[in-house]
>>> print(open('structure.cif').read())   # mmCIF, C-alpha atoms
data_my_file
#
loop_
_atom_site.label_atom_id
_atom_site.label_comp_id
_atom_site.auth_asym_id
_atom_site.auth_seq_id
_atom_site.Cartn_x
_atom_site.Cartn_y
_atom_site.Cartn_z
CA MET G 16 33.56 -5.01 34.37
CA SER G 17 33.62 -2.74 31.33
CA ARG G 18 31.97 0.66 31.50
CA VAL G 19 30.31 0.26 28.11
CA ASP G 20 29.33 -2.55 25.75
CA VAL G 21 29.85 -1.45 22.14
CA VAL G 22 27.35 -3.33 19.96
CA VAL G 23 27.74 -3.56 16.19
CA VAL G 24 25.00 -5.34 14.24
CA CYS G 25 26.40 -7.18 11.24
CA TRP G 26 24.73 -8.65 8.17
CA ASN G 27 27.16 -9.39 5.36
CA ASP G 28 29.31 -6.41 6.35
CA ARG G 29 32.77 -7.91 5.91
CA ALA G 30 33.77 -5.10 3.53
CA LYS G 31 33.09 -2.32 6.02
CA ILE G 32 32.84 -3.61 9.59
CA ALA G 33 36.55 -3.12 10.28
CA THR G 34 35.87 0.62 9.93
CA ALA G 35 33.71 0.54 13.05
CA LEU G 36 35.69 -1.99 15.07
CA ASP G 37 39.12 -0.48 14.34
CA SER G 38 37.83 2.94 15.42
CA VAL G 39 36.78 1.54 18.81
CA PHE G 40 40.16 -0.05 19.50
CA ALA G 41 41.94 3.13 18.35
CA LEU G 42 40.21 5.30 20.98
CA SER G 43 42.65 6.64 23.55
CA GLU G 44 40.31 5.63 26.38
CA VAL G 45 40.37 2.03 25.11
CA ARG G 46 44.12 2.00 24.45
CA ASP G 47 44.77 3.35 27.96
CA ASP G 48 42.31 0.91 29.53
CA PRO G 49 41.30 -2.05 27.31
CA SER G 50 38.63 -3.02 29.85
CA PHE G 51 36.80 0.30 29.33
CA ALA G 52 34.82 -1.11 26.39
CA ASN G 53 33.57 -4.62 25.67
CA VAL G 54 33.05 -5.00 21.92
CA VAL G 55 30.26 -7.25 20.65
CA VAL G 56 29.17 -8.04 17.10
CA SER G 57 25.63 -9.35 16.79
CA ASP G 58 25.71 -11.27 13.53
CA ASN G 59 22.48 -11.80 11.60
CA GLY G 60 23.47 -14.94 9.73
CA SER G 61 26.12 -13.38 7.49
CA SER G 62 27.13 -15.52 4.51
CA ASP G 63 30.07 -13.41 3.29
CA GLY G 64 32.67 -14.60 5.80
CA SER G 65 32.11 -11.72 8.24
CA ARG G 66 32.37 -13.91 11.34
CA GLU G 67 35.56 -15.61 10.20
CA PHE G 68 37.08 -12.25 9.23
CA ILE G 69 36.30 -10.75 12.64
CA GLY G 70 37.66 -13.79 14.46
CA GLU G 71 40.94 -13.67 12.56
CA ARG G 72 41.44 -9.90 12.59
CA TYR G 73 40.63 -9.26 16.26
CA ASP G 74 41.84 -12.53 17.79
CA GLY G 75 39.32 -12.81 20.60
CA ARG G 76 38.96 -9.09 21.35
CA VAL G 77 35.47 -9.09 19.82
CA THR G 78 32.64 -11.27 21.10
CA ILE G 79 30.39 -12.57 18.33
CA VAL G 80 26.73 -13.29 19.06
CA GLU G 81 25.57 -15.65 16.31
CA ASN G 82 21.87 -15.18 15.54
CA GLY G 83 21.79 -17.72 12.72
CA ALA G 84 19.47 -15.71 10.47
CA ASN G 85 18.67 -12.12 9.57
CA LEU G 86 16.48 -11.19 12.53
CA GLY G 87 16.52 -7.46 11.81
CA PHE G 88 18.28 -4.65 13.64
CA ALA G 89 16.08 -4.48 16.74
CA ALA G 90 16.21 -8.22 17.42
CA ALA G 91 19.97 -8.34 16.84
CA CYS G 92 20.46 -5.53 19.36
CA ASN G 93 18.27 -7.35 21.87
CA ARG G 94 20.37 -10.52 21.56
CA ALA G 95 23.46 -8.43 22.31
CA PHE G 96 21.72 -6.72 25.26
CA ALA G 97 20.98 -10.15 26.72
CA ALA G 98 24.59 -11.27 26.30
CA THR G 99 26.16 -8.23 28.00
CA SER G 100 25.96 -6.48 31.35
CA SER G 101 27.88 -3.16 31.35
CA GLU G 102 26.28 -0.01 32.73
CA TYR G 103 25.95 1.46 29.23
CA VAL G 104 25.42 0.06 25.76
CA PHE G 105 26.72 1.94 22.72
CA LEU G 106 25.19 1.08 19.36
CA LEU G 107 27.54 1.65 16.43
CA ASN G 108 26.73 1.04 12.79
CA PRO G 109 29.24 -1.06 10.84
CA ASP G 110 29.68 1.84 8.39
CA ALA G 111 30.41 4.34 11.16
CA GLU G 112 33.63 5.18 12.98
CA LEU G 113 34.21 6.87 16.30
CA LYS G 114 36.40 9.90 16.81
CA ASP G 115 38.83 9.88 19.70
CA GLY G 116 37.16 10.32 23.09
CA ALA G 117 33.70 9.43 21.79
CA LEU G 118 32.99 6.76 24.41
CA ARG G 119 34.73 8.60 27.24
CA GLU G 120 32.67 11.75 26.61
CA VAL G 121 29.28 10.07 26.34
CA VAL G 122 29.88 7.92 29.41
CA ALA G 123 30.97 10.98 31.42
CA PHE G 124 27.89 12.87 30.29
CA MET G 125 25.52 10.08 31.25
CA ASP G 126 27.30 9.64 34.58
CA ALA G 127 26.54 13.30 35.27
CA HIS G 128 22.91 13.16 34.09
CA ALA G 129 21.11 10.41 35.98
CA ARG G 130 17.86 10.66 33.99
CA CYS G 131 19.60 10.54 30.63
CA GLY G 132 18.58 7.15 29.28
CA ILE G 133 19.63 7.75 25.66
CA ALA G 134 22.49 9.89 24.33
CA GLY G 135 23.23 10.53 20.68
CA SER G 136 26.65 11.49 19.34
CA ARG G 137 27.35 14.31 16.89
CA ILE G 138 27.61 12.56 13.52
CA TYR G 139 29.48 13.81 10.48
CA ASN G 140 29.31 12.92 6.81
CA TYR G 141 32.60 12.03 5.17
CA ASP G 142 32.78 15.52 3.67
CA GLY G 143 32.83 17.00 7.18
CA SER G 144 29.27 18.29 7.22
CA VAL G 145 27.10 17.51 10.25
CA GLN G 146 24.28 15.03 9.77
CA GLN G 147 20.85 15.74 11.16
CA SER G 148 21.03 12.97 13.73
CA VAL G 149 18.30 14.18 16.09
CA GLY G 150 14.61 14.82 15.59
CA GLU G 151 11.20 15.47 17.08
CA PHE G 152 8.32 13.11 17.64
CA ASP G 153 5.70 13.35 14.91
CA THR G 154 2.70 15.60 15.17
CA TRP G 155 -0.19 15.03 12.76
CA ALA G 156 0.67 18.19 10.80
CA GLY G 157 4.38 17.37 10.74
CA ALA G 158 3.71 13.83 9.52
CA PHE G 159 1.42 15.16 6.78
CA LEU G 160 3.99 17.65 5.56
CA ARG G 161 6.90 15.19 5.62
CA SER G 162 4.82 12.62 3.74
CA SER G 163 3.66 14.99 1.03
CA ALA G 164 5.20 17.35 -1.48
CA TRP G 165 3.78 20.21 0.55
CA GLY G 166 6.60 19.76 3.05
CA GLU G 167 9.05 20.92 0.37
CA TRP G 168 7.37 24.30 -0.04
CA PRO G 169 9.66 27.03 1.36
CA LEU G 170 7.07 28.39 3.79
CA LEU G 171 6.22 24.93 5.14
CA ARG G 172 9.57 23.12 5.05
CA ARG G 173 10.66 24.14 8.52
CA TYR G 174 7.44 22.72 10.01
CA ALA G 175 7.92 19.44 8.14
CA ASN G 176 11.38 19.11 9.73
CA GLY G 177 10.12 19.81 13.24
CA ALA G 178 9.54 23.26 14.69
CA GLY G 179 11.94 22.81 17.61
CA LEU G 180 14.85 21.92 15.35
CA ARG G 181 14.88 25.44 13.91
CA ASP G 182 16.67 26.62 17.06
CA PHE G 183 18.77 23.52 17.60
CA ASP G 184 22.47 24.20 18.26
CA PRO G 185 24.71 21.32 17.03
CA ASP G 186 27.61 22.66 19.12
CA ARG G 187 25.94 22.39 22.52
CA PRO G 188 24.44 19.50 24.50
CA GLY G 189 20.68 19.61 24.42
CA ARG G 190 17.52 17.70 25.25
CA VAL G 191 15.92 16.20 22.15
CA ASP G 192 13.01 13.90 21.44
CA LEU G 193 15.06 11.30 19.59
CA ALA G 194 18.48 10.49 18.18
CA ILE G 195 19.36 8.09 15.39
CA GLY G 196 20.93 4.73 16.13
CA ALA G 197 24.14 5.01 14.09
CA ALA G 198 26.10 6.08 17.20
CA LEU G 199 23.88 5.91 20.24
CA ALA G 200 24.40 5.24 23.96
CA ILE G 201 21.72 3.62 26.10
CA ARG G 202 21.67 3.25 29.88
CA ARG G 203 21.40 -0.38 31.00
CA ALA G 204 19.11 0.57 33.89
CA MET G 205 16.64 2.00 31.39
CA ILE G 206 16.71 -1.19 29.32
CA ASP G 207 15.94 -3.12 32.49
CA ALA G 208 13.12 -0.70 33.34
CA ILE G 209 11.28 -0.39 30.00
CA GLY G 210 12.45 -3.51 28.20
CA PRO G 211 14.51 -3.92 25.00
CA PHE G 212 13.67 -2.82 21.46
CA ASP G 213 10.33 -3.75 19.91
CA GLU G 214 11.27 -6.50 17.46
CA ARG G 215 8.27 -5.74 15.24
CA PHE G 216 10.49 -2.99 13.82
CA PHE G 217 12.73 -5.05 11.54
CA LEU G 218 14.71 -2.09 10.24
CA TYR G 219 14.26 1.68 10.80
CA HIS G 220 12.24 3.56 13.43
CA GLU G 221 13.17 1.14 16.21
CA GLU G 222 15.18 3.89 17.93
CA VAL G 223 12.34 6.38 17.45
CA ASP G 224 9.92 3.94 19.07
CA TYR G 225 12.44 3.37 21.87
CA ALA G 226 12.90 7.09 22.53
CA LYS G 227 9.12 7.50 22.64
CA ARG G 228 8.81 4.69 25.16
CA ALA G 229 11.69 6.13 27.19
CA ALA G 230 10.09 9.57 27.30
CA GLY G 231 6.80 8.03 28.40
CA ALA G 232 8.60 6.40 31.32
CA GLY G 233 10.29 9.64 32.39
CA TRP G 234 13.73 9.10 30.84
CA GLU G 235 15.54 11.78 28.85
CA THR G 236 17.23 11.72 25.45
CA TRP G 237 20.18 14.06 24.94
CA PHE G 238 22.41 15.17 22.10
CA VAL G 239 26.07 15.04 23.20
CA PRO G 240 28.28 16.80 20.63
CA ALA G 241 31.53 16.04 22.49
CA SER G 242 31.01 12.41 21.47
CA GLU G 243 31.65 12.32 17.72
CA ALA G 244 31.38 9.80 14.91
CA VAL G 245 31.56 9.69 11.13
CA HIS G 246 28.81 7.80 9.32
CA GLU G 247 28.56 6.74 5.70
CA GLY G 248 24.84 5.97 5.83
CA MET G 249 22.64 3.06 4.71
CA GLY G 250 25.10 0.37 5.86
CA SER G 251 23.89 -3.16 5.19
CA ALA G 252 20.70 -1.80 3.65
CA ARG G 253 22.52 -0.33 0.66
CA GLY G 254 21.55 -2.35 -2.41
CA GLN G 255 19.99 -5.15 -0.35
CA TYR G 256 16.66 -3.68 0.71
CA ASN G 257 14.02 -1.47 -0.82
CA VAL G 258 15.01 1.20 1.69
CA GLU G 259 12.10 3.58 1.16
CA LYS G 260 9.59 0.74 1.43
CA ARG G 261 11.23 -0.42 4.68
CA LYS G 262 11.14 3.10 6.08
CA GLN G 263 7.48 3.56 5.15
CA THR G 264 6.52 0.21 6.66
CA SER G 265 8.28 0.99 9.94
CA ARG G 266 6.84 4.50 10.02
CA ARG G 267 3.32 3.13 9.63
CA LYS G 268 3.91 0.66 12.48
CA TYR G 269 5.17 3.49 14.67
CA TRP G 270 2.18 5.73 13.90
CA MET G 271 -0.32 2.94 14.56
CA LYS G 272 1.40 1.94 17.80
CA HIS G 273 1.75 5.40 19.33
CA HIS G 274 -1.09 7.39 17.77
CA GLY G 275 -3.81 4.87 17.05
CA ARG G 276 -6.04 4.02 14.10
CA ALA G 277 -8.06 7.25 14.01
CA TRP G 278 -4.89 9.38 13.86
CA TYR G 279 -3.32 7.15 11.22
CA TYR G 280 -6.33 6.75 8.94
CA SER G 281 -7.18 10.45 9.10
CA LEU G 282 -3.61 11.12 7.98
CA VAL G 283 -3.93 8.58 5.15
CA GLY G 284 -7.24 10.20 4.15
CA ALA G 285 -5.70 13.65 4.11
CA LEU G 286 -2.77 12.46 2.01
CA ALA G 287 -5.15 10.81 -0.45
CA GLY G 288 -7.32 13.92 -0.43
CA ARG G 289 -4.43 15.92 -1.88
CA TYR G 290 -4.91 14.14 -5.17
CA ALA G 291 -8.62 14.91 -5.23
CA LEU G 292 -7.70 18.55 -4.66
CA TYR G 293 -5.16 18.42 -7.49
CA LEU G 294 -7.73 16.84 -9.82
CA GLY G 295 -10.24 19.53 -8.86
CA ILE G 296 -7.73 22.27 -9.63
CA VAL G 297 -6.88 20.71 -12.99
CA ALA G 298 -10.55 20.24 -13.87
CA GLY G 299 -11.30 23.83 -12.90
CA ALA G 300 -8.40 25.07 -15.00
CA ILE G 301 -9.69 23.08 -17.99
CA VAL G 302 -13.20 24.51 -17.62
CA LEU G 303 -11.87 28.05 -17.31
CA GLY G 304 -9.61 27.49 -20.28
CA ARG G 305 -12.46 26.31 -22.46
CA ARG G 306 -14.58 29.29 -21.50
CA PHE G 307 -11.70 31.64 -22.26
CA LEU G 308 -11.15 30.07 -25.67
CA ARG G 309 -14.81 30.49 -26.53
#
>>> encode(input="structure.cif", output="structure tokens")
Amino acid sequence: MSRVDVVVVCWNDRAKIATALDSVFALSEVRDDPSFANVVVSDNGSSDGSREFIGERYDGRVTIVENGANLGFAAACNRAFAATSSEYVFLLNPDAELKDGALREVVAFMDAHARCGIAGSRIYNYDGSVQQSVGEFDTWAGAFLRSSAWGEWPLLRRYANGAGLRDFDPDRPGRVDLAIGAALAIRRAMIDAIGPFDERFFLYHEEVDYAKRAAGAGWETWFVPASEAVHEGMGSARGQYNVEKRKQTSRRKYWMKHHGRAWYYSLVGALAGRYALYLGIVAGAIVLGRRFLR
């Protein structure tokens, strides 16, 4: 049996999916032992010839799970979870590529840390800069700042990004609240214990929800910089979704699920109240201006 099932979700990704798949087969750990990784593409009803391309290029080395329609990222992952059985699952975006040793390092780390249920790789942009691929669970204040222009003010920006991330070291392994799903390892035993992804999250925030559920069940999420990947960003969403609207919709679902109506609606009220404050300031300035002109 393979040590890890590498899962790539595909939706009309023929132009880029070879980037991800080629990088897996180029890993020294896979070249030395082809059984180390089982590679699975969960296809969400692609109409651009993705399935045929994969079948021809990889000649049986990639298993294709055909979902028949665009079920969303979470549901596509769940179909792949159900079709595989390795000790670890590694989610890889079709627009991401692994650096040599990426799977070996993350598997070794999780072998050594029994409560590590989720492990995120260090992810680079194509210019070599490190992406912010980890984060903190939302607090009310943090959510307010990130959702408003106030979070861009110099004195408040660091709180909008999460207080703990100010001291985060991207060169050392560390416990984190969450890691993004572009290059992410998950322990099979944890999937069996807490269940798969919540399919109400069609796209975005499904890994945040999963990390929150994992933490609630006593599992740990770690950042593992020895496992490295390069990620373009956006993937299938580029040009095919209203990305910001999707993100906002998923964020609202997450807030309602984990924080409740009172938390959510008080946040909405505070965000709306900003505009009343702005109008009050403008009205006051107009009144003062008129008095000064008199």
>>> resolve_selection(input="structure.cif", expression="the PyMOL selection byres ((chain G and resi 230-244) around 8)", output="ChimeraX atom specification")
/G:111-121,124,130-139,149,185-194,198,205,209,226-229,245-246
>>> atom_distance(input="structure.cif", atom1="atom CA of G:Asn59", atom2="atom CA of G:Asn27")
8.2 Å
>>> closest_residue(input="structure.cif", among="G:Asp207, G:Asp63, G:Asp213, G:Asp48", to="G:Tyr103", atoms="only C-alpha atoms")
G:Asp207
>>> atom_distance(input="structure.cif", atom1="atom CA of G:Val21", atom2="atom CA of G:Val54")
4.8 Å
>>> atom_distance(input="structure.cif", atom1="atom CA of G:Tyr225", atom2="atom CA of G:Met271")
14.7 Å
>>> closest_residue(input="structure.cif", among="G:Arg29, G:Arg18, G:Arg215, G:Arg66", to="G:Phe51", atoms="all atoms listed in the file")
G:Arg18
>>> resolve_selection(input="structure.cif", expression="the PyMOL selection byres ((chain G and resi 88) around 6)", output="list in words")
Gly87, Ala89, Ala90, Ala91, Phe217 and Leu218 of chain G
>>> closest_residue(input="structure.cif", among="G:Arg46, G:Leu107, G:Phe216, G:Leu36", to="G:Arg72", atoms="all atoms listed in the file")
G:Leu36
>>> resolve_selection(input="structure.cif", expression="the PyMOL selection byres ((chain G and resi 79) around 7)", output="list in words")
Val55, Val56, Ser57, Asp58, Val77, Thr78, Val80 and Glu81 of chain G
>>> residues_around(input="structure.cif", residues="G:Phe105", least_positions_apart="6", cutoff="7 Å", atoms="all atoms listed in the file", output="PDB file with C-alpha atoms, keeping the file's coordinate frame")
ATOM      1  CA  VAL G  19      30.310   0.260  28.110  1.00  0.00           C
ATOM      2  CA  ASP G  20      29.330  -2.550  25.750  1.00  0.00           C
ATOM      3  CA  VAL G  21      29.850  -1.450  22.140  1.00  0.00           C
ATOM      4  CA  VAL G  22      27.350  -3.330  19.960  1.00  0.00           C
ATOM      5  CA  ALA G 198      26.100   6.080  17.200  1.00  0.00           C
ATOM      6  CA  LEU G 199      23.880   5.910  20.240  1.00  0.00           C
ATOM      7  CA  ALA G 200      24.400   5.240  23.960  1.00  0.00           C
ATOM      8  CA  ILE G 201      21.720   3.620  26.100  1.00  0.00           C
TER       9      ILE G 201
END
>>> closest_residue(input="structure.cif", among="G:Gly150, G:Gly210, G:Gly60, G:Gly157", to="G:Tyr174", atoms="all atoms listed in the file")
G:Gly157
>>> closest_residue(input="structure.cif", among="G:Val24, G:Ala41, G:Ala175, G:Ala156", to="G:Ser61", atoms="only C-alpha atoms")
G:Val24
